[in-house]
Every structure is written in C-alpha cells, then in structure tokens.
Amino acid sequence: MRVRPALLALTGVLAAGSAQAAGIGSGSGPSEVVLIVQIVLLLAVGRLLGEAMLRVGQPAVMGQLLAGLLLGPSVLGAVWPEAQHWLFPPGRDQKALLDGIAQLGILLLLLMTGLETDLALVRRVRRAAVSVSVTGVAVPFGCGFLLGQFLPEAMLPHPELRLVTALFLGTALAISSVKIVAMVVREMNFLRRNVGQVIVASAIIDDTIGWVIIAVIFSLAQAGTLDPWAIGRSLAGTLVFLGLSLTVGRSLVFRLIRWANDSLRSEAAVITAIL
C-alpha cells in the first residue's frame with residue numbers, strides 16, 4: 001500500500017518530462033493534460049509527506065505544505081526548472097484551472113470545520129478566544145514592526161518608506177491562515193474540545209483583525225495617509241457578513257436542509273443542499 005503513492009508520484013514526474021519533450025504543454029491555451037498531472041502529483045506527494053509527518057507525531061498538513069515547497073521553484077525549480085515550468089506554467093489560464101480546484105477544496109475544508117463547530121461552546125469560551133487572538137496578533141506584529149524599524153537601509157526596497165515596510169513585516173508575522181488552523185485542529189482531534197474551539201474562534205478573530213490591518217497598510221502604501229472610509233468599510237463589511245450569517249443565514253440554511261430532507265428523494269439530497 002505504501003508503494004502506490006510513490007508510483008503515482010513517479011508516474012507524474014515521468015509524464016511531465018515526456019509531455020514536455022512531446023511539446024504537449026507548449027500551447028498558449030490551458031492544457032487538461034497539465035492539470036491532470038498537477039493534481040496527481042500534488043495528491044501523491046502531499047499524501048506521502050503527510051503520512052511521514054503523522055509517523056513522527058505531526059499533523060499531515062505539515063507534509064502537504066512541504067509538498068508545495070518541494071514542487072515549487074524553491075526545490076523542483078532549482079533542480080529541474082524545465083519540468084517545474086511545464087508542471088506549473090506561468091500562464092493565467094492554466095493557473096486558473098488549478099486555482100479553481102484549490103478554492104473548492106478550501107471551501108469544503110471550512111465546511112467540514114463549520115459542521116463540527118459548536119457555537120454554544122464558542123460563546124462560552126469567547127473571552128479566552130478574544131484574549132488569545134489579540135495577544136497572538138499583537139506580539140508577533142510588534143516584533144515584526146520593530147524588525148522593520150531596525151533593518152539596515154540596504155535591505156529595504158524603498159528606504160524612504162520604512163514605516164510601510166515595518167508594518168508589512170508585522171502583518172506578515174501576525175496573520176495566520178484560518179484554513180490551516182482548522183485543518184490542524186481537526187487532525188489533532190481537538191475540534192470538539194474547549195481548547196480546539198478556542199483555537200478556531202481565535203483564528204476567525206485573527207482573520208477579521210487581519211483584514212483591518214491590511215486595509216490600513218494599503219491605505220498608507222497607496223496614498224501615504226490613512227483612509228478612514230476604506231478601513232471602516234472593511235470592518236463594517238466583515239461585521240455585516242457575520243451578523244447576517246448568524247441570524248438570517250442560519251434560519252435560511254435550516255429551512256433549506258429541512259425542505260431537502262422532507263421533499264427530495266434523490267441520493268445525498270441533504271449533502272447537496274448543504275454544499
């Protein structure tokens with residue numbers, strides 16, 4: 001059973017080289033062959049490295065992240081740049097194919113996390129979640145900001161914009177991915193525990209704070225001054241979305257699921273309605 005993913009990965013690499021030699025991916029339009037090789041290779045390498053991480057007590061997502069590094073320009077691009085360029089062409093159309101599948105996978109991951117999230121428990125641990133989130137953003141943001149303030153001018157792309165650079169470094173260190181956090185919590189079987197709900201709730205708050213920080217930095221970088229309207233619009237949009245989701249959205253989804261369960265006879269009707 002362990003050999004099959006390795007054979008799939010090897011087949012994908014050989015197919016990439018053979019197809020490149022035959023000129024399959026040299027057209028200007030998107031290639032379905034390239035897309036299939038991308039999916040097979042990403043799944044095989046991600047599964048192999050994910051399994052390796054599980055064997056050493058780490059979540060599988062660590063291996064999947066490493067798979068992205070290995071197949072990217074940092075490793076494969078340095079060792080075999082022609083194959084890496086064929087596997088992941090820079091063309092916008094080809095990128096859009098893989099990006100669409102990736103976005104669907106992210107949505108399904110968040111859906112699975114949402115199905116296992118206990119809102120009542122989240123409300124009970126909201127004070128802990130808020131304090132963890134604020135601390136988890138403030139400390140790394142402060143460290144990144146100080147780093148930007150003390151960096152030599154030779155390392156700055158624009159020395160006259162040191163403040164923007166420092167803010168960018170702070171943001172890069174402070175913002176976490178709610179998708180990755182959700183996957184780690186699920187794989188570690190913490191999602192139904194208090195600590196898991198605190199982590200997920202903190203990640204959601206981090207995401208909200210992150211959009212506000214990004215709006216502030218974009219305003220400074222583009223106009224040189226703060227734009228209260230842009231910052232307020234970003235914050236208000238997030239709050240309105242959360243408010244509608246937790247009130248009107250919950251009622252609408254509940255009615256839709258009940259209608260699908262009572263009225264539809266086709267297979268997996270409720271799952272289809274949820275999706």
# chains A, B, ... in the order shown; residues from 1 in each chain; ligands from 1
call {"tool": "residues_around", "arguments": {"residues": "Val216 (chain A)", "least_positions_apart": "3", "cutoff": "12 Å", "atoms": "only C-alpha atoms", "output": "number ranges by chain"}}
result
A: 164, 167-168, 171, 209-213, 219-235
call {"tool": "write_last_selection", "arguments": {"atoms": "N, CA and C atoms", "output": "short mmCIF file (atom, residue, chain, number, x, y, z; two decimals), in the first residue's frame"}}
result
data_model
loop_
_atom_site.label_atom_id
_atom_site.label_comp_id
_atom_site.auth_asym_id
_atom_site.auth_seq_id
_atom_site.Cartn_x
_atom_site.Cartn_y
_atom_site.Cartn_z
N VAL A 164 6.06 51.79 6.11
CA VAL A 164 5.22 50.82 5.39
C VAL A 164 5.87 49.44 5.43
N LEU A 167 5.39 47.93 8.87
CA LEU A 167 4.00 47.47 9.03
C LEU A 167 3.75 46.19 8.25
N PHE A 168 4.34 46.10 7.07
CA PHE A 168 4.17 44.89 6.27
C PHE A 168 4.80 43.68 6.96
N THR A 171 2.61 42.61 9.82
CA THR A 171 1.41 41.92 9.35
C THR A 171 1.72 40.50 8.90
N ILE A 209 -9.28 40.74 12.21
CA ILE A 209 -8.29 41.78 12.51
C ILE A 209 -7.32 41.95 11.36
N GLY A 210 -6.97 40.84 10.71
CA GLY A 210 -6.03 40.90 9.61
C GLY A 210 -6.53 41.75 8.45
N TRP A 211 -7.81 41.63 8.12
CA TRP A 211 -8.36 42.45 7.02
C TRP A 211 -8.30 43.93 7.36
N VAL A 212 -8.54 44.26 8.60
CA VAL A 212 -8.46 45.66 9.01
C VAL A 212 -7.02 46.17 8.90
N ILE A 213 -6.07 45.37 9.38
CA ILE A 213 -4.65 45.77 9.30
C ILE A 213 -4.22 45.94 7.85
N SER A 219 -3.76 51.55 2.57
CA SER A 219 -4.05 52.98 2.54
C SER A 219 -2.78 53.79 2.68
N LEU A 220 -1.90 53.37 3.59
CA LEU A 220 -0.63 54.07 3.77
C LEU A 220 0.28 53.93 2.56
N ALA A 221 0.32 52.74 1.98
CA ALA A 221 1.22 52.50 0.86
C ALA A 221 0.78 53.24 -0.40
N GLN A 222 -0.52 53.34 -0.62
CA GLN A 222 -1.01 53.95 -1.86
C GLN A 222 -1.15 55.46 -1.75
N ALA A 223 -1.69 55.92 -0.64
CA ALA A 223 -1.98 57.35 -0.52
C ALA A 223 -1.03 58.07 0.44
N GLY A 224 -0.28 57.33 1.25
CA GLY A 224 0.61 57.96 2.21
C GLY A 224 -0.09 58.41 3.48
N THR A 225 -1.41 58.28 3.52
CA THR A 225 -2.18 58.66 4.70
C THR A 225 -3.23 57.59 4.97
N LEU A 226 -3.81 57.63 6.15
CA LEU A 226 -4.86 56.70 6.49
C LEU A 226 -6.17 57.11 5.84
N ASP A 227 -6.90 56.13 5.32
CA ASP A 227 -8.20 56.36 4.72
C ASP A 227 -9.27 55.77 5.64
N PRO A 228 -9.87 56.58 6.51
CA PRO A 228 -10.86 56.03 7.45
C PRO A 228 -12.02 55.34 6.75
N TRP A 229 -12.39 55.83 5.55
CA TRP A 229 -13.51 55.23 4.83
C TRP A 229 -13.19 53.79 4.42
N ALA A 230 -11.98 53.56 3.90
CA ALA A 230 -11.59 52.21 3.49
C ALA A 230 -11.51 51.27 4.69
N ILE A 231 -10.95 51.76 5.79
CA ILE A 231 -10.84 50.93 6.99
C ILE A 231 -12.22 50.61 7.55
N GLY A 232 -13.07 51.63 7.63
CA GLY A 232 -14.42 51.42 8.14
C GLY A 232 -15.23 50.49 7.25
N ARG A 233 -15.05 50.62 5.94
CA ARG A 233 -15.78 49.75 5.02
C ARG A 233 -15.36 48.30 5.19
N SER A 234 -14.05 48.05 5.37
CA SER A 234 -13.57 46.68 5.57
C SER A 234 -14.13 46.08 6.86
N LEU A 235 -14.09 46.86 7.95
CA LEU A 235 -14.60 46.37 9.23
C LEU A 235 -16.10 46.18 9.19
#
call {"tool": "residues_around", "arguments": {"residues": "Thr135 (chain A)", "least_positions_apart": "2", "cutoff": "12 Å", "atoms": "only C-alpha atoms", "output": "list in words"}}
result
Ala128, Ala129, Val130, Ser131, Val132, Ser133, Val137, Ala138, Val139, Pro140, Phe141, Gly142, Ala174, Ile175, Ser202, Ala203, Ile205, Asp206 and Ile209 of chain A
call {"tool": "write_last_selection", "arguments": {"atoms": "C-alpha atoms", "output": "mmCIF file, in the first residue's frame"}}
result
data_model
loop_
_atom_site.group_PDB
_atom_site.id
_atom_site.type_symbol
_atom_site.label_atom_id
_atom_site.label_comp_id
_atom_site.auth_asym_id
_atom_site.auth_seq_id
_atom_site.Cartn_x
_atom_site.Cartn_y
_atom_site.Cartn_z
ATOM 1 C CA ALA A 128 -10.477 33.265 26.195
ATOM 2 C CA ALA A 129 -10.732 33.313 22.384
ATOM 3 C CA VAL A 130 -10.606 37.117 22.221
ATOM 4 C CA SER A 131 -7.665 37.380 24.615
ATOM 5 C CA VAL A 132 -5.729 34.650 22.775
ATOM 6 C CA SER A 133 -6.459 36.270 19.416
ATOM 7 C CA VAL A 137 -1.737 39.246 16.759
ATOM 8 C CA ALA A 138 -0.172 41.968 18.920
ATOM 9 C CA VAL A 139 3.037 40.156 19.959
ATOM 10 C CA PRO A 140 4.221 38.978 16.503
ATOM 11 C CA PHE A 141 3.046 42.231 14.923
ATOM 12 C CA GLY A 142 5.120 44.211 17.407
ATOM 13 C CA ALA A 174 0.839 38.302 12.792
ATOM 14 C CA ILE A 175 -1.676 36.944 10.292
ATOM 15 C CA SER A 202 -9.233 32.864 17.740
ATOM 16 C CA ALA A 203 -8.303 32.133 14.122
ATOM 17 C CA ILE A 205 -10.982 36.772 15.003
ATOM 18 C CA ASP A 206 -7.401 36.902 13.693
ATOM 19 C CA ILE A 209 -8.292 41.777 12.514
#
call {"tool": "residues_around", "arguments": {"residues": "Val61 (chain A)", "least_positions_apart": "4", "cutoff": "12 Å", "atoms": "only C-alpha atoms", "output": "PDB file with all heavy atoms, in the first residue's frame"}}
result
ATOM      1  N   VAL A  45       2.394  13.403  -3.734  1.00  0.00           N
ATOM      2  CA  VAL A  45       3.471  13.919  -2.892  1.00  0.00           C
ATOM      3  C   VAL A  45       2.914  14.422  -1.559  1.00  0.00           C
ATOM      4  O   VAL A  45       3.505  14.198  -0.496  1.00  0.00           O
ATOM      5  CB  VAL A  45       4.239  15.034  -3.631  1.00  0.00           C
ATOM      6  CG1 VAL A  45       5.325  15.620  -2.743  1.00  0.00           C
ATOM      7  CG2 VAL A  45       4.856  14.496  -4.915  1.00  0.00           C
ATOM      8  N   GLY A  46       1.762  15.097  -1.599  1.00  0.00           N
ATOM      9  CA  GLY A  46       1.148  15.568  -0.364  1.00  0.00           C
ATOM     10  C   GLY A  46       0.766  14.427   0.561  1.00  0.00           C
ATOM     11  O   GLY A  46       0.959  14.500   1.779  1.00  0.00           O
ATOM     12  N   ARG A  47       0.239  13.335  -0.018  1.00  0.00           N
ATOM     13  CA  ARG A  47      -0.138  12.187   0.807  1.00  0.00           C
ATOM     14  C   ARG A  47       1.085  11.506   1.407  1.00  0.00           C
ATOM     15  O   ARG A  47       1.093  11.112   2.581  1.00  0.00           O
ATOM     16  CB  ARG A  47      -0.921  11.186  -0.050  1.00  0.00           C
ATOM     17  CG  ARG A  47      -1.334   9.920   0.661  1.00  0.00           C
ATOM     18  CD  ARG A  47      -2.323  10.207   1.758  1.00  0.00           C
ATOM     19  NE  ARG A  47      -3.578  10.712   1.237  1.00  0.00           N
ATOM     20  CZ  ARG A  47      -4.618  11.053   1.979  1.00  0.00           C
ATOM     21  NH1 ARG A  47      -4.547  10.960   3.300  1.00  0.00           N
ATOM     22  NH2 ARG A  47      -5.724  11.519   1.432  1.00  0.00           N
ATOM     23  N   LEU A  48       2.138  11.341   0.605  1.00  0.00           N
ATOM     24  CA  LEU A  48       3.354  10.698   1.101  1.00  0.00           C
ATOM     25  C   LEU A  48       3.971  11.490   2.244  1.00  0.00           C
ATOM     26  O   LEU A  48       4.295  10.930   3.304  1.00  0.00           O
ATOM     27  CB  LEU A  48       4.358  10.551  -0.041  1.00  0.00           C
ATOM     28  CG  LEU A  48       4.136   9.390  -1.022  1.00  0.00           C
ATOM     29  CD1 LEU A  48       5.098   9.515  -2.193  1.00  0.00           C
ATOM     30  CD2 LEU A  48       4.323   8.060  -0.319  1.00  0.00           C
ATOM     31  N   LEU A  49       4.144  12.797   2.048  1.00  0.00           N
ATOM     32  CA  LEU A  49       4.763  13.616   3.090  1.00  0.00           C
ATOM     33  C   LEU A  49       3.830  13.773   4.291  1.00  0.00           C
ATOM     34  O   LEU A  49       4.290  13.857   5.429  1.00  0.00           O
ATOM     35  CB  LEU A  49       5.143  14.981   2.521  1.00  0.00           C
ATOM     36  CG  LEU A  49       6.246  14.953   1.459  1.00  0.00           C
ATOM     37  CD1 LEU A  49       6.542  16.362   0.947  1.00  0.00           C
ATOM     38  CD2 LEU A  49       7.515  14.327   2.020  1.00  0.00           C
ATOM     39  N   GLY A  50       2.524  13.823   4.042  1.00  0.00           N
ATOM     40  CA  GLY A  50       1.577  13.871   5.156  1.00  0.00           C
ATOM     41  C   GLY A  50       1.642  12.622   6.003  1.00  0.00           C
ATOM     42  O   GLY A  50       1.600  12.683   7.244  1.00  0.00           O
ATOM     43  N   GLU A  51       1.770  11.464   5.344  1.00  0.00           N
ATOM     44  CA  GLU A  51       1.912  10.213   6.077  1.00  0.00           C
ATOM     45  C   GLU A  51       3.204  10.206   6.884  1.00  0.00           C
ATOM     46  O   GLU A  51       3.238   9.745   8.029  1.00  0.00           O
ATOM     47  CB  GLU A  51       1.905   9.047   5.087  1.00  0.00           C
ATOM     48  CG  GLU A  51       1.983   7.674   5.725  1.00  0.00           C
ATOM     49  CD  GLU A  51       0.717   7.283   6.461  1.00  0.00           C
ATOM     50  OE1 GLU A  51      -0.350   7.897   6.197  1.00  0.00           O
ATOM     51  OE2 GLU A  51       0.794   6.381   7.318  1.00  0.00           O
ATOM     52  N   ALA A  52       4.271  10.748   6.300  1.00  0.00           N
ATOM     53  CA  ALA A  52       5.542  10.805   7.016  1.00  0.00           C
ATOM     54  C   ALA A  52       5.436  11.694   8.254  1.00  0.00           C
ATOM     55  O   ALA A  52       5.985  11.360   9.320  1.00  0.00           O
ATOM     56  CB  ALA A  52       6.644  11.317   6.088  1.00  0.00           C
ATOM     57  N   MET A  53       4.728  12.799   8.150  1.00  0.00           N
ATOM     58  CA  MET A  53       4.563  13.683   9.301  1.00  0.00           C
ATOM     59  C   MET A  53       3.742  13.015  10.407  1.00  0.00           C
ATOM     60  O   MET A  53       4.044  13.162  11.593  1.00  0.00           O
ATOM     61  CB  MET A  53       3.876  14.984   8.861  1.00  0.00           C
ATOM     62  CG  MET A  53       4.734  15.910   8.019  1.00  0.00           C
ATOM     63  SD  MET A  53       6.167  16.594   8.913  1.00  0.00           S
ATOM     64  CE  MET A  53       7.477  15.591   8.192  1.00  0.00           C
ATOM     65  N   LEU A  54       2.709  12.251  10.012  1.00  0.00           N
ATOM     66  CA  LEU A  54       1.919  11.550  11.016  1.00  0.00           C
ATOM     67  C   LEU A  54       2.759  10.527  11.769  1.00  0.00           C
ATOM     68  O   LEU A  54       2.551  10.306  12.968  1.00  0.00           O
ATOM     69  CB  LEU A  54       0.728  10.855  10.340  1.00  0.00           C
ATOM     70  CG  LEU A  54      -0.379  11.772   9.810  1.00  0.00           C
ATOM     71  CD1 LEU A  54      -1.427  10.957   9.061  1.00  0.00           C
ATOM     72  CD2 LEU A  54      -1.033  12.552  10.942  1.00  0.00           C
ATOM     73  N   GLY A  57       4.454  12.142  14.639  1.00  0.00           N
ATOM     74  CA  GLY A  57       3.613  12.842  15.590  1.00  0.00           C
ATOM     75  C   GLY A  57       3.225  14.252  15.204  1.00  0.00           C
ATOM     76  O   GLY A  57       2.803  15.032  16.063  1.00  0.00           O
ATOM     77  N   LEU A  65       2.133  21.038   3.205  1.00  0.00           N
ATOM     78  CA  LEU A  65       2.799  22.319   2.966  1.00  0.00           C
ATOM     79  C   LEU A  65       4.205  22.103   2.406  1.00  0.00           C
ATOM     80  O   LEU A  65       4.646  22.824   1.498  1.00  0.00           O
ATOM     81  CB  LEU A  65       2.860  23.122   4.269  1.00  0.00           C
ATOM     82  CG  LEU A  65       1.520  23.613   4.826  1.00  0.00           C
ATOM     83  CD1 LEU A  65       1.725  24.274   6.178  1.00  0.00           C
ATOM     84  CD2 LEU A  65       0.860  24.589   3.867  1.00  0.00           C
ATOM     85  N   LEU A  66       4.921  21.103   2.936  1.00  0.00           N
ATOM     86  CA  LEU A  66       6.242  20.798   2.411  1.00  0.00           C
ATOM     87  C   LEU A  66       6.167  20.326   0.964  1.00  0.00           C
ATOM     88  O   LEU A  66       7.073  20.601   0.169  1.00  0.00           O
ATOM     89  CB  LEU A  66       6.903  19.720   3.282  1.00  0.00           C
ATOM     90  CG  LEU A  66       7.344  20.152   4.680  1.00  0.00           C
ATOM     91  CD1 LEU A  66       7.878  18.949   5.458  1.00  0.00           C
ATOM     92  CD2 LEU A  66       8.414  21.235   4.599  1.00  0.00           C
ATOM     93  N   ALA A  67       5.093  19.621   0.621  1.00  0.00           N
ATOM     94  CA  ALA A  67       4.928  19.173  -0.763  1.00  0.00           C
ATOM     95  C   ALA A  67       4.852  20.365  -1.709  1.00  0.00           C
ATOM     96  O   ALA A  67       5.417  20.339  -2.815  1.00  0.00           O
ATOM     97  CB  ALA A  67       3.671  18.309  -0.891  1.00  0.00           C
ATOM     98  N   GLY A  68       4.166  21.408  -1.284  1.00  0.00           N
ATOM     99  CA  GLY A  68       4.098  22.605  -2.109  1.00  0.00           C
ATOM    100  C   GLY A  68       5.459  23.244  -2.307  1.00  0.00           C
ATOM    101  O   GLY A  68       5.781  23.734  -3.398  1.00  0.00           O
ATOM    102  N   LYS A 179      -7.702  28.509   7.408  1.00  0.00           N
ATOM    103  CA  LYS A 179      -7.827  27.197   6.778  1.00  0.00           C
ATOM    104  C   LYS A 179      -6.826  26.202   7.360  1.00  0.00           C
ATOM    105  O   LYS A 179      -7.175  25.071   7.684  1.00  0.00           O
ATOM    106  CB  LYS A 179      -7.609  27.314   5.258  1.00  0.00           C
ATOM    107  CG  LYS A 179      -8.781  27.890   4.491  1.00  0.00           C
ATOM    108  CD  LYS A 179      -8.827  29.382   4.514  1.00  0.00           C
ATOM    109  CE  LYS A 179      -7.722  30.009   3.698  1.00  0.00           C
ATOM    110  NZ  LYS A 179      -7.838  31.472   3.605  1.00  0.00           N
ATOM    111  N   ILE A 180      -5.574  26.639   7.497  1.00  0.00           N
ATOM    112  CA  ILE A 180      -4.544  25.751   8.036  1.00  0.00           C
ATOM    113  C   ILE A 180      -4.815  25.449   9.509  1.00  0.00           C
ATOM    114  O   ILE A 180      -4.667  24.312   9.970  1.00  0.00           O
ATOM    115  CB  ILE A 180      -3.149  26.389   7.867  1.00  0.00           C
ATOM    116  CG1 ILE A 180      -2.858  26.658   6.387  1.00  0.00           C
ATOM    117  CG2 ILE A 180      -2.078  25.492   8.459  1.00  0.00           C
ATOM    118  CD1 ILE A 180      -2.867  25.420   5.533  1.00  0.00           C
ATOM    119  N   VAL A 181      -5.221  26.476  10.254  1.00  0.00           N
ATOM    120  CA  VAL A 181      -5.537  26.271  11.672  1.00  0.00           C
ATOM    121  C   VAL A 181      -6.657  25.249  11.828  1.00  0.00           C
ATOM    122  O   VAL A 181      -6.587  24.328  12.658  1.00  0.00           O
ATOM    123  CB  VAL A 181      -5.926  27.609  12.328  1.00  0.00           C
ATOM    124  CG1 VAL A 181      -6.469  27.374  13.736  1.00  0.00           C
ATOM    125  CG2 VAL A 181      -4.727  28.545  12.381  1.00  0.00           C
ATOM    126  N   ALA A 182      -7.696  25.375  11.017  1.00  0.00           N
ATOM    127  CA  ALA A 182      -8.824  24.443  11.092  1.00  0.00           C
ATOM    128  C   ALA A 182      -8.384  23.021  10.764  1.00  0.00           C
ATOM    129  O   ALA A 182      -8.803  22.055  11.425  1.00  0.00           O
ATOM    130  CB  ALA A 182      -9.925  24.888  10.135  1.00  0.00           C
ATOM    131  N   MET A 183      -7.528  22.869   9.764  1.00  0.00           N
ATOM    132  CA  MET A 183      -7.075  21.527   9.390  1.00  0.00           C
ATOM    133  C   MET A 183      -6.237  20.906  10.500  1.00  0.00           C
ATOM    134  O   MET A 183      -6.394  19.714  10.821  1.00  0.00           O
ATOM    135  CB  MET A 183      -6.261  21.601   8.094  1.00  0.00           C
ATOM    136  CG  MET A 183      -5.815  20.248   7.574  1.00  0.00           C
ATOM    137  SD  MET A 183      -4.911  20.356   6.008  1.00  0.00           S
ATOM    138  CE  MET A 183      -6.228  20.864   4.926  1.00  0.00           C
ATOM    139  N   VAL A 184      -5.346  21.691  11.103  1.00  0.00           N
ATOM    140  CA  VAL A 184      -4.506  21.162  12.180  1.00  0.00           C
ATOM    141  C   VAL A 184      -5.370  20.737  13.362  1.00  0.00           C
ATOM    142  O   VAL A 184      -5.179  19.654  13.941  1.00  0.00           O
ATOM    143  CB  VAL A 184      -3.470  22.210  12.612  1.00  0.00           C
ATOM    144  CG1 VAL A 184      -2.738  21.744  13.867  1.00  0.00           C
ATOM    145  CG2 VAL A 184      -2.463  22.462  11.491  1.00  0.00           C
ATOM    146  N   VAL A 185      -6.329  21.572  13.742  1.00  0.00           N
ATOM    147  CA  VAL A 185      -7.190  21.250  14.889  1.00  0.00           C
ATOM    148  C   VAL A 185      -7.998  19.985  14.621  1.00  0.00           C
ATOM    149  O   VAL A 185      -8.158  19.131  15.505  1.00  0.00           O
ATOM    150  CB  VAL A 185      -8.112  22.442  15.203  1.00  0.00           C
ATOM    151  CG1 VAL A 185      -9.134  22.058  16.261  1.00  0.00           C
ATOM    152  CG2 VAL A 185      -7.298  23.632  15.687  1.00  0.00           C
ATOM    153  N   ARG A 186      -8.510  19.836  13.393  1.00  0.00           N
ATOM    154  CA  ARG A 186      -9.281  18.640  13.057  1.00  0.00           C
ATOM    155  C   ARG A 186      -8.401  17.398  13.110  1.00  0.00           C
ATOM    156  O   ARG A 186      -8.809  16.355  13.620  1.00  0.00           O
ATOM    157  CB  ARG A 186      -9.900  18.766  11.670  1.00  0.00           C
ATOM    158  CG  ARG A 186     -11.043  19.765  11.575  1.00  0.00           C
ATOM    159  CD  ARG A 186     -11.769  19.681  10.249  1.00  0.00           C
ATOM    160  NE  ARG A 186     -12.605  18.493  10.196  1.00  0.00           N
ATOM    161  CZ  ARG A 186     -12.294  17.400   9.509  1.00  0.00           C
ATOM    162  NH1 ARG A 186     -11.159  17.334   8.843  1.00  0.00           N
ATOM    163  NH2 ARG A 186     -13.112  16.375   9.481  1.00  0.00           N
ATOM    164  N   GLU A 187      -7.188  17.484  12.552  1.00  0.00           N
ATOM    165  CA  GLU A 187      -6.322  16.306  12.504  1.00  0.00           C
ATOM    166  C   GLU A 187      -5.839  15.895  13.889  1.00  0.00           C
ATOM    167  O   GLU A 187      -5.588  14.709  14.123  1.00  0.00           O
ATOM    168  CB  GLU A 187      -5.128  16.590  11.592  1.00  0.00           C
ATOM    169  CG  GLU A 187      -5.495  16.678  10.120  1.00  0.00           C
ATOM    170  CD  GLU A 187      -4.289  16.911   9.248  1.00  0.00           C
ATOM    171  OE1 GLU A 187      -3.183  17.085   9.804  1.00  0.00           O
ATOM    172  OE2 GLU A 187      -4.441  16.927   8.014  1.00  0.00           O
ATOM    173  N   MET A 188      -5.716  16.855  14.796  1.00  0.00           N
ATOM    174  CA  MET A 188      -5.266  16.543  16.152  1.00  0.00           C
ATOM    175  C   MET A 188      -6.425  16.148  17.070  1.00  0.00           C
ATOM    176  O   MET A 188      -6.237  15.940  18.270  1.00  0.00           O
ATOM    177  CB  MET A 188      -4.531  17.750  16.746  1.00  0.00           C
ATOM    178  CG  MET A 188      -3.312  18.201  15.951  1.00  0.00           C
ATOM    179  SD  MET A 188      -2.038  16.938  15.792  1.00  0.00           S
ATOM    180  CE  MET A 188      -1.401  16.902  17.469  1.00  0.00           C
TER     181      MET A 188
END
call {"tool": "residues_around", "arguments": {"residues": "Gln38 (chain A)", "least_positions_apart": "3", "cutoff": "10 Å", "atoms": "only C-alpha atoms", "output": "ChimeraX atom specification"}}
result
/A:12-13,16,32-35,41-44,71,86-88,98
call {"tool": "write_last_selection", "arguments": {"atoms": "N, CA and C atoms", "output": "PDB file, in the first residue's frame"}}
result
ATOM      1  N   GLY A  12       3.804  10.695 -12.367  1.00  0.00           N
ATOM      2  CA  GLY A  12       3.539  12.103 -12.679  1.00  0.00           C
ATOM      3  C   GLY A  12       4.775  12.823 -13.169  1.00  0.00           C
ATOM      4  N   VAL A  13       5.920  12.567 -12.508  1.00  0.00           N
ATOM      5  CA  VAL A  13       7.160  13.220 -12.930  1.00  0.00           C
ATOM      6  C   VAL A  13       7.560  12.769 -14.332  1.00  0.00           C
ATOM      7  N   ALA A  16       5.365  14.321 -16.840  1.00  0.00           N
ATOM      8  CA  ALA A  16       5.719  15.719 -17.062  1.00  0.00           C
ATOM      9  C   ALA A  16       6.875  15.841 -18.037  1.00  0.00           C
ATOM     10  N   GLU A  32      -5.532  20.383 -20.384  1.00  0.00           N
ATOM     11  CA  GLU A  32      -6.122  19.452 -19.429  1.00  0.00           C
ATOM     12  C   GLU A  32      -5.106  18.415 -18.979  1.00  0.00           C
ATOM     13  N   VAL A  33      -4.163  18.059 -19.873  1.00  0.00           N
ATOM     14  CA  VAL A  33      -3.127  17.093 -19.509  1.00  0.00           C
ATOM     15  C   VAL A  33      -2.276  17.644 -18.367  1.00  0.00           C
ATOM     16  N   VAL A  34      -1.888  18.908 -18.481  1.00  0.00           N
ATOM     17  CA  VAL A  34      -1.100  19.536 -17.429  1.00  0.00           C
ATOM     18  C   VAL A  34      -1.882  19.559 -16.121  1.00  0.00           C
ATOM     19  N   LEU A  35      -3.167  19.869 -16.184  1.00  0.00           N
ATOM     20  CA  LEU A  35      -3.993  19.926 -14.981  1.00  0.00           C
ATOM     21  C   LEU A  35      -4.054  18.564 -14.304  1.00  0.00           C
ATOM     22  N   LEU A  41       0.176  14.640  -9.104  1.00  0.00           N
ATOM     23  CA  LEU A  41       1.452  14.842  -8.423  1.00  0.00           C
ATOM     24  C   LEU A  41       1.262  15.504  -7.059  1.00  0.00           C
ATOM     25  N   LEU A  42       0.398  16.507  -6.989  1.00  0.00           N
ATOM     26  CA  LEU A  42       0.154  17.180  -5.717  1.00  0.00           C
ATOM     27  C   LEU A  42      -0.466  16.228  -4.697  1.00  0.00           C
ATOM     28  N   LEU A  43      -1.431  15.421  -5.141  1.00  0.00           N
ATOM     29  CA  LEU A  43      -2.060  14.472  -4.223  1.00  0.00           C
ATOM     30  C   LEU A  43      -1.070  13.414  -3.754  1.00  0.00           C
ATOM     31  N   ALA A  44      -0.273  12.875  -4.683  1.00  0.00           N
ATOM     32  CA  ALA A  44       0.647  11.804  -4.320  1.00  0.00           C
ATOM     33  C   ALA A  44       1.739  12.303  -3.375  1.00  0.00           C
ATOM     34  N   LEU A  71       7.578  20.982  -4.761  1.00  0.00           N
ATOM     35  CA  LEU A  71       7.155  21.038  -6.159  1.00  0.00           C
ATOM     36  C   LEU A  71       7.221  22.449  -6.731  1.00  0.00           C
ATOM     37  N   TRP A  86       6.956  23.414 -16.790  1.00  0.00           N
ATOM     38  CA  TRP A  86       5.871  22.749 -17.522  1.00  0.00           C
ATOM     39  C   TRP A  86       4.734  22.375 -16.577  1.00  0.00           C
ATOM     40  N   LEU A  87       5.084  21.883 -15.385  1.00  0.00           N
ATOM     41  CA  LEU A  87       4.060  21.476 -14.432  1.00  0.00           C
ATOM     42  C   LEU A  87       3.209  22.646 -13.976  1.00  0.00           C
ATOM     43  N   PHE A  88       3.830  23.772 -13.726  1.00  0.00           N
ATOM     44  CA  PHE A  88       3.115  24.949 -13.223  1.00  0.00           C
ATOM     45  C   PHE A  88       3.442  26.141 -14.128  1.00  0.00           C
ATOM     46  N   LEU A  98      -6.165  25.206 -11.917  1.00  0.00           N
ATOM     47  CA  LEU A  98      -5.745  24.633 -10.633  1.00  0.00           C
ATOM     48  C   LEU A  98      -6.257  25.459  -9.463  1.00  0.00           C
TER      49      LEU A  98
END
call {"tool": "atom_distance", "arguments": {"atom1": "CA of Ile204 (chain A)", "atom2": "CA of Val178 (chain A)"}}
result
6.3 Å
call {"tool": "atom_distance", "arguments": {"atom1": "CA of Asn194 (chain A)", "atom2": "CA of Val122 (chain A)"}}
result
8.2 Å
call {"tool": "select_by_dssp", "arguments": {"residues": "region 116-257 of chain A", "states": "helix (DSSP H, G or I)", "output": "PyMOL selection string"}}
result
chain A and resi 119-124+126-150+153-155+159-174+178-187+194-223+228-257
call {"tool": "closest_residue", "arguments": {"among": "A:Ala172, A:Gln94, A:Leu146, A:Thr238", "to": "Ile217 (chain A)", "atoms": "only C-alpha atoms"}}
result
A:Ala172
call {"tool": "closest_residue", "arguments": {"among": "A:Pro59, A:Gly170, A:Pro89, A:Gly105", "to": "Pro73 (chain A)", "atoms": "only C-alpha atoms"}}
result
A:Pro89
